[in-house]
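Notes follow the structure.
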Amino acid sequence: MTAPTDRARFLIIDDHPLFREALHSAVQMAYPEVDTVEARSITEAVELLADAKPFDLALLDLSMPDVHGFDGLLQLRTRYPRLPVVIVSGHEEPRIISEALSYGAAGFIPKSARKSDLANAIRSVMDGAIYVPETYEGQPRDADSSNRADMVQRLSTLTPQQLRVLQMLRQGLLNKQIAYELQVGETTVKAHVSEILRKLNVYSRTQAVIEVSKLDSAELFRDQMGF
């Protein structure tokens with residue numbers, strides 16, 4: 001991707017107004033002519049992304065009020081696979097960076113970075129690179145990480161509606177409750193569930209929930225990130 005021209009658009013997704021302002025300032029330093037739009041939640045971001053005018057880059061905080069773990073990143077990657085999504089987070093542990101990259105993030109920028117470093121990182125991503133902090137050395141790939149990468153690949157084949165159904169399954173909702181939330185018939189929900197199981201190569205909704213929950217690194221987030 002080349003440097004943006006003709007009023008490119010960036011989407012900043014962060015629930016903290018002070019950091020949205022800091023990111024806006026960094027974006028303006030990198031690309032003074034860019035239009036910057038802000039969202040305070042994943043729900044608001046999805047509504048903005050549905051706009052007919054596309055965005056060129058999204059800057060996403062992991063710790064959002066309406067999602068858990070990497071769910072926000074997965075939503076954006078599933079709904080808008082062509083949109084580069086860069087994680088900007090206060091949590092800089094190598095395992096978290098590795099997870100974000102395995103889920104398709106276009107880069108990972110620590111919130112502790114100076115404004116000039118933020119601007120340079122944004123330029124790097126817009127030039128087609130995947131940005132990571134200089135101190136990041138990557139994680140060794142083992143059997144577990146390979147299995148996780150395989151499941152991430154399967155998740156990427158789900159449609160946005162199937163992903164929503166899967167998220168509701170993880171919340172413990174019954175088919176009837178999911179049908180009510182989505183305003184569709186139970187038969188439609190059953191069809192979505194069957195397709196989810198097929199795509200994820202599992203045999204029950206319980207197994208689907210267990211396998212996908214492993215991707216959350218729940219113990220990692222609980223101990224290191226507090227969500």
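Chain labels run A, B, ... following the order of the structure tokens; each chain numbers its residues from 1, and ligands are numbered from 1 in the order shown.
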Env of region 25-27 of chain A: 7 Å cut, atoms = only C-alpha atoms, seq-sep filter 4 positions within chain, self excluded. Answer as a PDB file with C-alpha atoms, in the first residue's frame.
```
ATOM      1  CA  GLU A  21      -6.699  12.683  20.901  1.00  0.00           C
ATOM      2  CA  TYR A  31      -0.474  12.447   7.155  1.00  0.00           C
ATOM      3  CA  LYS A 115       4.142  10.536  19.096  1.00  0.00           C
ATOM      4  CA  SER A 116       6.902  10.611  16.485  1.00  0.00           C
ATOM      5  CA  LEU A 118       3.515   6.392  16.424  1.00  0.00           C
ATOM      6  CA  ALA A 119       3.599   8.506  13.288  1.00  0.00           C
TER       7      ALA A 119
END
```
Using only C-alpha atoms, which residues of region 25-105 of chain A come within 10 Å of region 144-166 of chain A, and what is the closest atom pair for each, with the distance in Å to one decimal? Give it as a Markdown table, sorted by chain and residue number.
```
| residue | atom | partner | partner_atom | distance |
| --- | --- | --- | --- | --- |
| A:Asp71 | CA | A:Leu163 | CA | 9.9 |
| A:Leu74 | CA | A:Ser156 | CA | 8.1 |
| A:Gln75 | CA | A:Pro160 | CA | 7.5 |
| A:Leu76 | CA | A:Pro160 | CA | 9.3 |
| A:Arg77 | CA | A:Ser156 | CA | 7.6 |
| A:Thr78 | CA | A:Ser156 | CA | 5.8 |
| A:Arg79 | CA | A:Pro160 | CA | 5.5 |
| A:Tyr80 | CA | A:Pro160 | CA | 9.3 |
| A:Pro81 | CA | A:Ser156 | CA | 8.7 |
| A:Ser98 | CA | A:Ser145 | CA | 9.7 |
| A:Glu99 | CA | A:Ala149 | CA | 9.1 |
| A:Ser102 | CA | A:Ala149 | CA | 6.4 |
| A:Tyr103 | CA | A:Val152 | CA | 6.4 |
| A:Gly104 | CA | A:Val152 | CA | 9.0 |
```
Spatial neighbours of Val86 (chain A), max dist 6 Å, only C-alpha atoms, sep filter under 5 positions, as a ChimeraX atom specification
/A:59,105-108
When you look at Val209 (chain A) with a cut-off of 10 Å (counting only C-alpha atoms), what residues show up, excluding the ones that are within fewer than 2 positions of it in the same chain? I need them as a tab-separated table (two decimals) with N, CA and C atoms, in the first residue's frame.
```
chain	number	residue	atom	x	y	z
A	166	LEU	N	-21.71	-17.38	16.54
A	166	LEU	CA	-20.69	-18.04	17.35
A	166	LEU	C	-20.44	-17.27	18.64
A	167	GLN	N	-20.41	-15.96	18.57
A	167	GLN	CA	-20.20	-15.16	19.77
A	167	GLN	C	-21.36	-15.34	20.75
A	168	MET	N	-22.57	-15.48	20.23
A	168	MET	CA	-23.72	-15.70	21.10
A	168	MET	C	-23.70	-17.11	21.69
A	169	LEU	N	-23.21	-18.07	20.93
A	169	LEU	CA	-23.04	-19.41	21.49
A	169	LEU	C	-22.08	-19.37	22.66
A	170	ARG	N	-21.03	-18.59	22.54
A	170	ARG	CA	-20.05	-18.47	23.61
A	170	ARG	C	-20.65	-17.81	24.84
A	171	GLN	N	-21.70	-17.00	24.62
A	171	GLN	CA	-22.38	-16.36	25.75
A	171	GLN	C	-23.39	-17.30	26.40
A	172	GLY	N	-23.56	-18.49	25.82
A	172	GLY	CA	-24.48	-19.48	26.38
A	172	GLY	C	-25.92	-19.32	25.94
A	202	VAL	N	-15.60	-29.14	13.92
A	202	VAL	CA	-15.94	-29.66	15.24
A	202	VAL	C	-17.32	-30.33	15.14
A	204	SER	N	-19.81	-30.44	17.82
A	204	SER	CA	-20.88	-29.95	18.68
A	204	SER	C	-20.66	-28.48	18.98
A	205	ARG	N	-21.72	-27.80	19.37
A	205	ARG	CA	-21.59	-26.39	19.72
A	205	ARG	C	-20.70	-26.23	20.94
A	206	THR	N	-20.76	-27.19	21.86
A	206	THR	CA	-19.90	-27.13	23.04
A	206	THR	C	-18.43	-27.21	22.65
A	207	GLN	N	-18.11	-28.12	21.72
A	207	GLN	CA	-16.74	-28.24	21.27
A	207	GLN	C	-16.29	-26.96	20.56
A	211	GLU	N	-13.04	-24.81	21.74
A	211	GLU	CA	-11.90	-24.61	20.85
A	211	GLU	C	-11.65	-23.12	20.61
A	212	VAL	N	-12.72	-22.36	20.39
A	212	VAL	CA	-12.54	-20.94	20.13
A	212	VAL	C	-12.11	-20.20	21.39
A	213	SER	N	-12.59	-20.66	22.54
A	213	SER	CA	-12.20	-20.01	23.80
A	213	SER	C	-10.71	-20.15	24.06
A	214	LYS	N	-10.10	-21.18	23.53
A	214	LYS	CA	-8.66	-21.35	23.70
A	214	LYS	C	-7.90	-20.21	23.04
```
Restricting the calculation to only C-alpha atoms: of A:Glu92, A:Glu186, A:Glu134, A:Asp127, which residue gets closest to Asp56 (chain A)?
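Looking only at the distances to Asp56 (chain A), the closest residue turns out to be A:Asp127.
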Could you tell me, as an NGL selection string, which residues of region 32-112 of chain A DSSP assigns to strand (DSSP E) when given the backbone?
:A and (35-39 or 57-60 or 85-89 or 107-110)
Rank nothing, just name the residue among A:Arg7, A:His192, A:Lys176, A:His91 nearest to Ala113 (chain A), using only C-alpha atoms.
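When distances to Ala113 (chain A) are compared using only C-alpha atoms, the smallest one comes from A:His91.
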For Met29 (chain A), the nearest of the candidates A:Glu137, A:Asp66, A:Asp117, A:Glu181, counting only C-alpha atoms
A:Asp117
Find the residues near Lys111 (chain A): any atom within 6 Å, counting only C-alpha atoms, skip ones fewer than 4 places away on the same chain, and give them as a ChimeraX atom specification.
/A:88-90
For the residues selected in the previous step, produce a file with all heavy atoms as a PDB file, in the first residue's frame.
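selection_3.pdb was written with the following content:
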```pdb
ATOM      1  N   VAL A  88      -3.173  -0.809  18.817  1.00  0.00           N
ATOM      2  CA  VAL A  88      -2.449   0.181  19.619  1.00  0.00           C
ATOM      3  C   VAL A  88      -2.843  -0.092  21.071  1.00  0.00           C
ATOM      4  O   VAL A  88      -3.961   0.191  21.477  1.00  0.00           O
ATOM      5  CB  VAL A  88      -2.810   1.620  19.212  1.00  0.00           C
ATOM      6  CG1 VAL A  88      -1.918   2.608  19.948  1.00  0.00           C
ATOM      7  CG2 VAL A  88      -2.663   1.813  17.703  1.00  0.00           C
ATOM      8  N   SER A  89      -1.926  -0.675  21.826  1.00  0.00           N
ATOM      9  CA  SER A  89      -2.295  -1.184  23.152  1.00  0.00           C
ATOM     10  C   SER A  89      -1.265  -0.828  24.201  1.00  0.00           C
ATOM     11  O   SER A  89      -0.082  -0.653  23.915  1.00  0.00           O
ATOM     12  CB  SER A  89      -2.440  -2.712  23.083  1.00  0.00           C
ATOM     13  OG  SER A  89      -2.717  -3.256  24.361  1.00  0.00           O
ATOM     14  N   GLY A  90      -1.738  -0.729  25.434  1.00  0.00           N
ATOM     15  CA  GLY A  90      -0.852  -0.497  26.559  1.00  0.00           C
ATOM     16  C   GLY A  90      -0.223  -1.771  27.072  1.00  0.00           C
ATOM     17  O   GLY A  90       0.609  -1.743  27.979  1.00  0.00           O
TER      18      GLY A  90
END
```
So, counting only C-alpha atoms, which residue among A:Val34, A:Ala22, A:Leu49, A:Ile122 is closest to Leu83 (chain A)?
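The closest residue to Leu83 (chain A) is A:Leu49.
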For Pro133 (chain A), list every protein, DNA or RNA residue within 8 Å, evaluated using only C-alpha atoms, and leave out those in the same chain fewer than 3 positions away; present the list as a PyMOL selection string.
chain A and resi 108-110+136
Shortest interatomic distance to Ile13 (chain A) - which of A:Thr36, A:Gln177, A:Ser124, A:Thr187, counting only C-alpha atoms:
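Between A:Thr36, A:Gln177, A:Ser124, A:Thr187, the residue approaching Ile13 (chain A) most closely is A:Thr36.
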May I have all residues of region 20-222 of chain A that DSSP, computed from the backbone, assigns to helix (DSSP H, G or I), given as a ChimeraX atom specification?
/A:20-30,42-49,71-79,94-102,115-126,143-155,160-170,175-182,186-200,205-216,218-222
How many Å lie between CA of Asn120 (chain A) and CA of Ala30 (chain A), rounded to one decimal?
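Interatomic distance, CA of Asn120 (chain A) to CA of Ala30 (chain A): 6.8 Å.
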